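Student: One file: data-v3.txt (compact mmCIF, N, CA, C and O atoms and all ligand atoms).
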# COMPACT_ATOMS: atom_id res chain seq x y z
N MET T 278 30.45 129.69 63.67
CA MET T 278 30.50 130.26 62.32
C MET T 278 30.93 131.73 62.40
O MET T 278 30.36 132.51 63.15
N LYS T 279 31.93 132.08 61.63
CA LYS T 279 32.44 133.43 61.66
C LYS T 279 31.63 134.32 60.71
O LYS T 279 31.31 133.92 59.60
N ILE T 280 31.33 135.51 61.18
CA ILE T 280 30.56 136.45 60.36
C ILE T 280 31.54 137.38 59.64
O ILE T 280 32.42 137.97 60.26
N ILE T 281 31.38 137.52 58.36
CA ILE T 281 32.20 138.45 57.59
C ILE T 281 31.46 139.78 57.44
O ILE T 281 32.00 140.85 57.68
N ARG T 282 30.22 139.70 57.02
CA ARG T 282 29.37 140.90 56.97
C ARG T 282 27.99 140.54 57.49
O ARG T 282 27.45 139.50 57.13
N SER T 283 27.46 141.39 58.35
CA SER T 283 26.15 141.16 58.93
C SER T 283 25.17 142.16 58.32
O SER T 283 25.14 143.33 58.68
N ILE T 284 24.40 141.68 57.35
CA ILE T 284 23.47 142.55 56.61
C ILE T 284 22.13 141.84 56.52
O ILE T 284 22.07 140.66 56.19
N VAL T 285 21.07 142.56 56.81
CA VAL T 285 19.74 141.99 56.61
C VAL T 285 18.85 143.00 55.89
O VAL T 285 19.10 144.20 55.91
N GLN T 286 17.83 142.47 55.25
CA GLN T 286 16.85 143.33 54.59
C GLN T 286 15.48 143.12 55.22
O GLN T 286 15.09 141.98 55.49
N CYS T 287 14.79 144.21 55.44
CA CYS T 287 13.43 144.14 55.97
C CYS T 287 12.48 143.90 54.80
O CYS T 287 12.49 144.64 53.82
N LYS T 288 11.69 142.86 54.91
CA LYS T 288 10.77 142.55 53.81
C LYS T 288 9.52 143.41 53.84
O LYS T 288 8.70 143.34 52.94
N ILE T 289 9.38 144.21 54.87
CA ILE T 289 8.22 145.10 54.94
C ILE T 289 8.53 146.43 54.25
O ILE T 289 7.78 146.89 53.41
N CYS T 290 9.67 147.05 54.60
CA CYS T 290 9.99 148.36 54.00
C CYS T 290 11.12 148.27 52.98
O CYS T 290 11.49 149.27 52.38
N ASP T 291 11.70 147.07 52.80
CA ASP T 291 12.78 146.83 51.83
C ASP T 291 14.10 147.52 52.21
O ASP T 291 15.03 147.57 51.40
N ASP T 292 14.18 148.07 53.39
CA ASP T 292 15.41 148.72 53.84
C ASP T 292 16.48 147.66 54.11
O ASP T 292 16.18 146.59 54.64
N VAL T 293 17.72 147.96 53.70
CA VAL T 293 18.84 147.07 53.95
C VAL T 293 19.68 147.70 55.05
O VAL T 293 20.08 148.85 54.96
N ILE T 294 19.95 146.92 56.12
CA ILE T 294 20.73 147.46 57.23
C ILE T 294 21.93 146.55 57.49
O ILE T 294 21.87 145.34 57.30
N GLU T 295 23.04 147.19 57.91
CA GLU T 295 24.25 146.44 58.21
C GLU T 295 24.77 146.85 59.57
O GLU T 295 24.88 148.04 59.87
N SER T 296 25.10 145.87 60.41
CA SER T 296 25.74 146.14 61.69
C SER T 296 27.23 145.93 61.49
O SER T 296 27.68 144.84 61.18
N LYS T 297 28.00 147.02 61.61
CA LYS T 297 29.41 146.97 61.21
C LYS T 297 30.37 146.68 62.34
O LYS T 297 31.50 146.27 62.10
N PHE T 298 29.96 146.92 63.58
CA PHE T 298 30.84 146.60 64.70
C PHE T 298 30.00 146.16 65.90
O PHE T 298 28.76 146.26 65.86
N THR T 299 30.66 145.69 66.93
CA THR T 299 30.00 144.95 68.01
C THR T 299 28.77 145.64 68.59
O THR T 299 27.75 145.01 68.80
N TYR T 300 28.87 146.92 68.86
CA TYR T 300 27.72 147.59 69.48
C TYR T 300 26.98 148.49 68.50
O TYR T 300 26.34 149.46 68.88
N ASP T 301 27.09 148.15 67.22
CA ASP T 301 26.41 148.91 66.18
C ASP T 301 24.98 148.39 66.05
O ASP T 301 24.72 147.39 65.40
N TYR T 302 24.06 149.09 66.73
CA TYR T 302 22.65 148.69 66.76
C TYR T 302 21.92 149.48 65.69
O TYR T 302 21.88 150.70 65.73
N VAL T 303 21.38 148.78 64.71
CA VAL T 303 20.71 149.46 63.60
C VAL T 303 19.28 148.94 63.46
O VAL T 303 19.00 147.78 63.74
N THR T 304 18.42 149.82 63.01
CA THR T 304 17.04 149.42 62.75
C THR T 304 16.67 149.83 61.33
O THR T 304 17.29 150.73 60.75
N CYS T 305 15.68 149.18 60.78
CA CYS T 305 15.23 149.54 59.44
C CYS T 305 14.33 150.77 59.51
O CYS T 305 13.92 151.19 60.59
N LYS T 306 14.02 151.30 58.32
CA LYS T 306 13.22 152.53 58.23
C LYS T 306 11.87 152.43 58.93
O LYS T 306 11.42 153.37 59.57
N CYS T 307 11.20 151.28 58.78
CA CYS T 307 9.86 151.16 59.36
C CYS T 307 9.92 150.74 60.83
O CYS T 307 8.88 150.70 61.50
N GLY T 308 11.12 150.39 61.30
CA GLY T 308 11.26 150.05 62.71
C GLY T 308 10.82 148.64 63.07
O GLY T 308 10.70 148.31 64.24
N ALA T 309 10.57 147.81 62.08
CA ALA T 309 10.09 146.45 62.36
C ALA T 309 11.21 145.52 62.84
O ALA T 309 10.96 144.60 63.61
N ILE T 310 12.43 145.76 62.37
CA ILE T 310 13.52 144.86 62.72
C ILE T 310 14.74 145.63 63.22
O ILE T 310 14.93 146.80 62.91
N PHE T 311 15.58 144.91 63.97
CA PHE T 311 16.85 145.49 64.38
C PHE T 311 17.95 144.45 64.25
O PHE T 311 17.70 143.24 64.20
N LEU T 312 19.17 144.96 64.17
CA LEU T 312 20.34 144.12 64.03
C LEU T 312 21.45 144.70 64.88
O LEU T 312 21.59 145.92 64.98
N ASP T 313 22.25 143.83 65.48
CA ASP T 313 23.29 144.27 66.40
C ASP T 313 24.42 143.24 66.38
O ASP T 313 24.25 142.13 65.89
N GLY T 314 25.57 143.63 66.89
CA GLY T 314 26.65 142.67 67.07
C GLY T 314 27.77 142.72 66.05
O GLY T 314 28.82 142.13 66.26
N GLY T 315 27.56 143.43 64.95
CA GLY T 315 28.60 143.52 63.93
C GLY T 315 29.05 142.15 63.48
O GLY T 315 28.24 141.26 63.22
N THR T 316 30.37 141.97 63.41
CA THR T 316 30.91 140.69 62.98
C THR T 316 31.25 139.78 64.18
O THR T 316 31.77 138.69 64.01
N GLU T 317 30.94 140.25 65.37
CA GLU T 317 31.22 139.50 66.59
C GLU T 317 30.14 138.43 66.83
O GLU T 317 30.44 137.28 67.11
N TYR T 318 28.91 138.85 66.73
CA TYR T 318 27.76 137.95 66.86
C TYR T 318 26.61 138.59 66.10
O TYR T 318 26.61 139.81 65.89
N GLN T 319 25.66 137.78 65.66
CA GLN T 319 24.53 138.35 64.93
C GLN T 319 23.29 138.30 65.81
O GLN T 319 22.70 137.26 66.01
N ARG T 320 22.95 139.45 66.35
CA ARG T 320 21.76 139.54 67.18
C ARG T 320 20.73 140.34 66.39
O ARG T 320 21.03 141.41 65.87
N TYR T 321 19.55 139.79 66.28
CA TYR T 321 18.52 140.47 65.51
C TYR T 321 17.18 140.24 66.20
O TYR T 321 17.05 139.37 67.07
N GLY T 322 16.22 140.99 65.79
CA GLY T 322 14.90 140.79 66.36
C GLY T 322 13.88 141.59 65.60
O GLY T 322 14.22 142.39 64.73
N LEU T 323 12.64 141.33 65.91
CA LEU T 323 11.57 142.09 65.27
C LEU T 323 10.54 142.47 66.31
O LEU T 323 10.44 141.85 67.37
N TRP T 324 9.79 143.49 66.00
CA TRP T 324 8.81 144.02 66.92
C TRP T 324 7.42 143.58 66.47
O TRP T 324 6.94 144.01 65.43
N PRO T 325 6.77 142.72 67.25
CA PRO T 325 5.47 142.16 66.85
C PRO T 325 4.42 143.22 66.52
O PRO T 325 3.62 143.02 65.62
N GLU T 326 4.46 144.36 67.20
CA GLU T 326 3.45 145.39 66.93
C GLU T 326 3.63 146.03 65.55
O GLU T 326 2.70 146.61 65.00
N LYS T 327 4.84 145.90 64.98
CA LYS T 327 5.10 146.45 63.64
C LYS T 327 4.93 145.40 62.55
O LYS T 327 4.85 145.72 61.37
N THR T 328 4.95 144.14 62.95
CA THR T 328 4.96 143.08 61.94
C THR T 328 3.67 142.27 61.93
O THR T 328 3.56 141.29 61.21
N ASN T 329 2.70 142.69 62.72
CA ASN T 329 1.42 141.97 62.82
C ASN T 329 1.59 140.49 63.13
O ASN T 329 0.86 139.65 62.62
N GLY T 330 2.61 140.19 63.92
CA GLY T 330 2.83 138.81 64.34
C GLY T 330 3.37 137.88 63.26
O GLY T 330 3.35 136.66 63.44
N LYS T 331 3.84 138.45 62.15
CA LYS T 331 4.42 137.60 61.10
C LYS T 331 5.67 136.90 61.62
O LYS T 331 6.45 137.49 62.37
N PRO T 332 5.93 135.67 61.18
CA PRO T 332 7.15 134.99 61.61
C PRO T 332 8.39 135.65 61.00
O PRO T 332 8.28 136.32 59.97
N LYS T 333 9.54 135.45 61.62
CA LYS T 333 10.73 136.18 61.18
C LYS T 333 11.14 135.90 59.74
O LYS T 333 11.64 136.77 59.06
N GLU T 334 10.85 134.68 59.26
CA GLU T 334 11.19 134.36 57.86
C GLU T 334 10.45 135.27 56.88
O GLU T 334 10.89 135.48 55.77
N LYS T 335 9.31 135.78 57.32
CA LYS T 335 8.49 136.64 56.44
C LYS T 335 8.89 138.11 56.57
O LYS T 335 8.41 138.96 55.82
N VAL T 336 9.76 138.39 57.53
CA VAL T 336 10.09 139.78 57.80
C VAL T 336 11.57 140.08 57.53
O VAL T 336 11.91 141.15 57.06
N ILE T 337 12.44 139.11 57.83
CA ILE T 337 13.88 139.36 57.70
C ILE T 337 14.48 138.48 56.61
O ILE T 337 14.28 137.27 56.59
N ASP T 338 15.22 139.12 55.71
CA ASP T 338 15.95 138.39 54.67
C ASP T 338 17.44 138.42 55.02
O ASP T 338 18.05 139.49 55.09
N PHE T 339 18.00 137.24 55.25
CA PHE T 339 19.41 137.13 55.66
C PHE T 339 20.36 136.90 54.49
O PHE T 339 21.56 136.76 54.69
N SER T 340 19.83 136.84 53.27
CA SER T 340 20.66 136.38 52.16
C SER T 340 21.82 137.32 51.81
O SER T 340 22.74 136.93 51.11
N LEU T 341 21.80 138.55 52.32
CA LEU T 341 22.90 139.48 52.03
C LEU T 341 24.07 139.33 53.00
O LEU T 341 25.15 139.85 52.76
N SER T 342 23.86 138.62 54.10
CA SER T 342 24.94 138.41 55.05
C SER T 342 25.97 137.44 54.50
O SER T 342 25.64 136.56 53.70
N GLU T 343 27.22 137.65 54.92
CA GLU T 343 28.28 136.75 54.46
C GLU T 343 28.91 136.07 55.67
O GLU T 343 29.25 136.72 56.65
N TYR T 344 29.06 134.76 55.57
CA TYR T 344 29.65 133.98 56.65
C TYR T 344 30.86 133.24 56.11
O TYR T 344 30.87 132.81 54.96
N GLU T 345 31.85 133.07 56.97
CA GLU T 345 33.04 132.33 56.55
C GLU T 345 32.66 130.89 56.25
O GLU T 345 31.92 130.27 57.01
N GLY T 346 33.15 130.38 55.16
CA GLY T 346 32.86 129.00 54.79
C GLY T 346 31.60 128.85 53.93
O GLY T 346 31.22 127.76 53.60
N ASP T 347 30.99 129.98 53.61
CA ASP T 347 29.81 129.93 52.73
C ASP T 347 30.19 129.45 51.35
O ASP T 347 31.18 129.85 50.80
ZN ZN F 401 11.37 147.76 57.84
As a first step, turn the structure in this file into structure tokens.
Tutor:
Amino acid sequence: MKIIRSIVQCKICDDVIESKFTYDYVTCKCGAIFLDGGTEYQRYGLWPEKTNGKPKEKVIDFSLSEYEGD
């Protein structure tokens, strides 16, 4: 699946972050999540110590990302 725009929102601090190119590593304001890879690949993660062990669906909102063929 080709990525057109890689954007996620942190559900804890509501910050919206976008990784614009391959090594563009971005984190949200509260530091709970990160995003990397730009439009090459979508690498993301969260830090359990900031999220109290919440599952990723409760922390990261992917609905702002755009994928080819959506
Ligand atoms: Zn956050």
Student: Find the residues near ligand ZN 401 (chain F). Use a cut-off of 4.5 Å, count all atoms listed in the file, and write them as an NGL selection string.
Tutor: :T and (290 or 306-309)
Student: One number please: atom C of Met278 (chain T) to atom C of Tyr300 (chain T), in Å, one decimal.
Tutor: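 Taking atom C of Met278 (chain T) as the start and atom C of Tyr300 (chain T) as the end point, the length is 18.3 Å.
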Student: To one decimal place, how far is CA of Pro325 (chain T) from CA of Thr299 (chain T) in Å?
Tutor: 24.7 Å
Student: Which one of T:Lys288, T:Lys331, T:Arg282, T:Lys297 sits closest to Tyr344 (chain T) if you count all atoms listed in the file?
Tutor: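 Closest to Tyr344 (chain T), using all atoms listed in the file: T:Arg282.
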Student: As a PyMOL selection string, please: all residues of chain T that backbone DSSP puts in alpha helix (DSSP H).
Tutor: chain T and resi 325-328
Student: Hey, what's within 7 Å of Gly315 (chain T) if we count only N, CA, C and O atoms and toss same-chain stuff fewer than 3 positions away? As an NGL selection string, please?
Tutor: :T and (280-283 or 295-302 or 312 or 318-320)
Student: What is the atom O of Asp292 (chain T)-atom O of Thr316 (chain T) distance in Å, reported with one decimal?
Tutor: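 Those two atoms sit 19.8 Å apart.
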Student: Would you mind completing region 292-303 of chain T to all heavy atoms and writing the output as a compact mmCIF listing (two decimals), keeping the file's coordinate frame?
Tutor:
# COMPACT_ATOMS: atom_id res chain seq x y z
N ASP T 292 14.18 148.07 53.39
CA ASP T 292 15.41 148.72 53.84
C ASP T 292 16.48 147.66 54.11
O ASP T 292 16.18 146.59 54.64
CB ASP T 292 15.11 149.50 55.12
CG ASP T 292 16.10 150.62 55.37
OD1 ASP T 292 16.87 150.95 54.46
OD2 ASP T 292 16.08 151.19 56.49
N VAL T 293 17.72 147.96 53.70
CA VAL T 293 18.84 147.07 53.95
C VAL T 293 19.68 147.70 55.05
O VAL T 293 20.08 148.85 54.96
CB VAL T 293 19.70 146.87 52.67
CG1 VAL T 293 20.95 146.06 52.98
CG2 VAL T 293 18.87 146.19 51.58
N ILE T 294 19.95 146.92 56.12
CA ILE T 294 20.73 147.46 57.23
C ILE T 294 21.93 146.55 57.49
O ILE T 294 21.87 145.34 57.30
CB ILE T 294 19.88 147.63 58.51
CG1 ILE T 294 19.17 146.33 58.91
CG2 ILE T 294 18.85 148.74 58.32
CD1 ILE T 294 18.39 146.43 60.23
N GLU T 295 23.04 147.19 57.91
CA GLU T 295 24.25 146.44 58.21
C GLU T 295 24.77 146.85 59.57
O GLU T 295 24.88 148.04 59.87
CB GLU T 295 25.32 146.72 57.13
CG GLU T 295 26.64 146.03 57.44
CD GLU T 295 27.66 146.11 56.30
OE1 GLU T 295 27.42 146.86 55.34
OE2 GLU T 295 28.68 145.40 56.40
N SER T 296 25.10 145.87 60.41
CA SER T 296 25.74 146.14 61.69
C SER T 296 27.23 145.93 61.49
O SER T 296 27.68 144.84 61.18
CB SER T 296 25.20 145.19 62.76
OG SER T 296 25.86 145.43 63.99
N LYS T 297 28.00 147.02 61.61
CA LYS T 297 29.41 146.97 61.21
C LYS T 297 30.37 146.68 62.34
O LYS T 297 31.50 146.27 62.10
CB LYS T 297 29.80 148.29 60.54
CG LYS T 297 29.06 148.46 59.22
CD LYS T 297 29.46 149.73 58.50
CE LYS T 297 28.74 149.82 57.17
NZ LYS T 297 28.48 151.19 56.76
N PHE T 298 29.96 146.92 63.58
CA PHE T 298 30.84 146.60 64.70
C PHE T 298 30.00 146.16 65.90
O PHE T 298 28.76 146.26 65.86
CB PHE T 298 31.75 147.78 65.05
CG PHE T 298 31.04 149.10 65.17
CD1 PHE T 298 30.52 149.52 66.38
CD2 PHE T 298 30.89 149.92 64.05
CE1 PHE T 298 29.86 150.72 66.48
CE2 PHE T 298 30.23 151.15 64.15
CZ PHE T 298 29.70 151.54 65.37
N THR T 299 30.66 145.69 66.93
CA THR T 299 30.00 144.95 68.01
C THR T 299 28.77 145.64 68.59
O THR T 299 27.75 145.01 68.80
CB THR T 299 31.00 144.63 69.13
OG1 THR T 299 32.12 143.99 68.52
CG2 THR T 299 30.42 143.69 70.17
N TYR T 300 28.87 146.92 68.86
CA TYR T 300 27.72 147.59 69.48
C TYR T 300 26.98 148.49 68.50
O TYR T 300 26.34 149.46 68.88
CB TYR T 300 28.16 148.37 70.73
CG TYR T 300 28.74 147.46 71.78
CD1 TYR T 300 30.10 147.47 72.07
CD2 TYR T 300 27.92 146.56 72.46
CE1 TYR T 300 30.63 146.61 73.02
CE2 TYR T 300 28.45 145.70 73.41
CZ TYR T 300 29.81 145.73 73.68
OH TYR T 300 30.33 144.88 74.62
N ASP T 301 27.09 148.15 67.22
CA ASP T 301 26.41 148.91 66.18
C ASP T 301 24.98 148.39 66.05
O ASP T 301 24.72 147.39 65.40
CB ASP T 301 27.17 148.75 64.86
CG ASP T 301 26.67 149.71 63.78
OD1 ASP T 301 25.98 150.69 64.11
OD2 ASP T 301 27.00 149.48 62.60
N TYR T 302 24.06 149.09 66.73
CA TYR T 302 22.65 148.69 66.76
C TYR T 302 21.92 149.48 65.69
O TYR T 302 21.88 150.70 65.73
CB TYR T 302 22.10 149.00 68.15
CG TYR T 302 20.63 148.68 68.35
CD1 TYR T 302 20.23 147.46 68.89
CD2 TYR T 302 19.66 149.62 68.02
CE1 TYR T 302 18.89 147.19 69.10
CE2 TYR T 302 18.31 149.33 68.22
CZ TYR T 302 17.93 148.12 68.76
OH TYR T 302 16.61 147.85 68.95
N VAL T 303 21.38 148.78 64.71
CA VAL T 303 20.71 149.46 63.60
C VAL T 303 19.28 148.94 63.46
O VAL T 303 19.00 147.78 63.74
CB VAL T 303 21.48 149.29 62.27
CG1 VAL T 303 22.74 150.12 62.24
CG2 VAL T 303 21.82 147.83 62.00
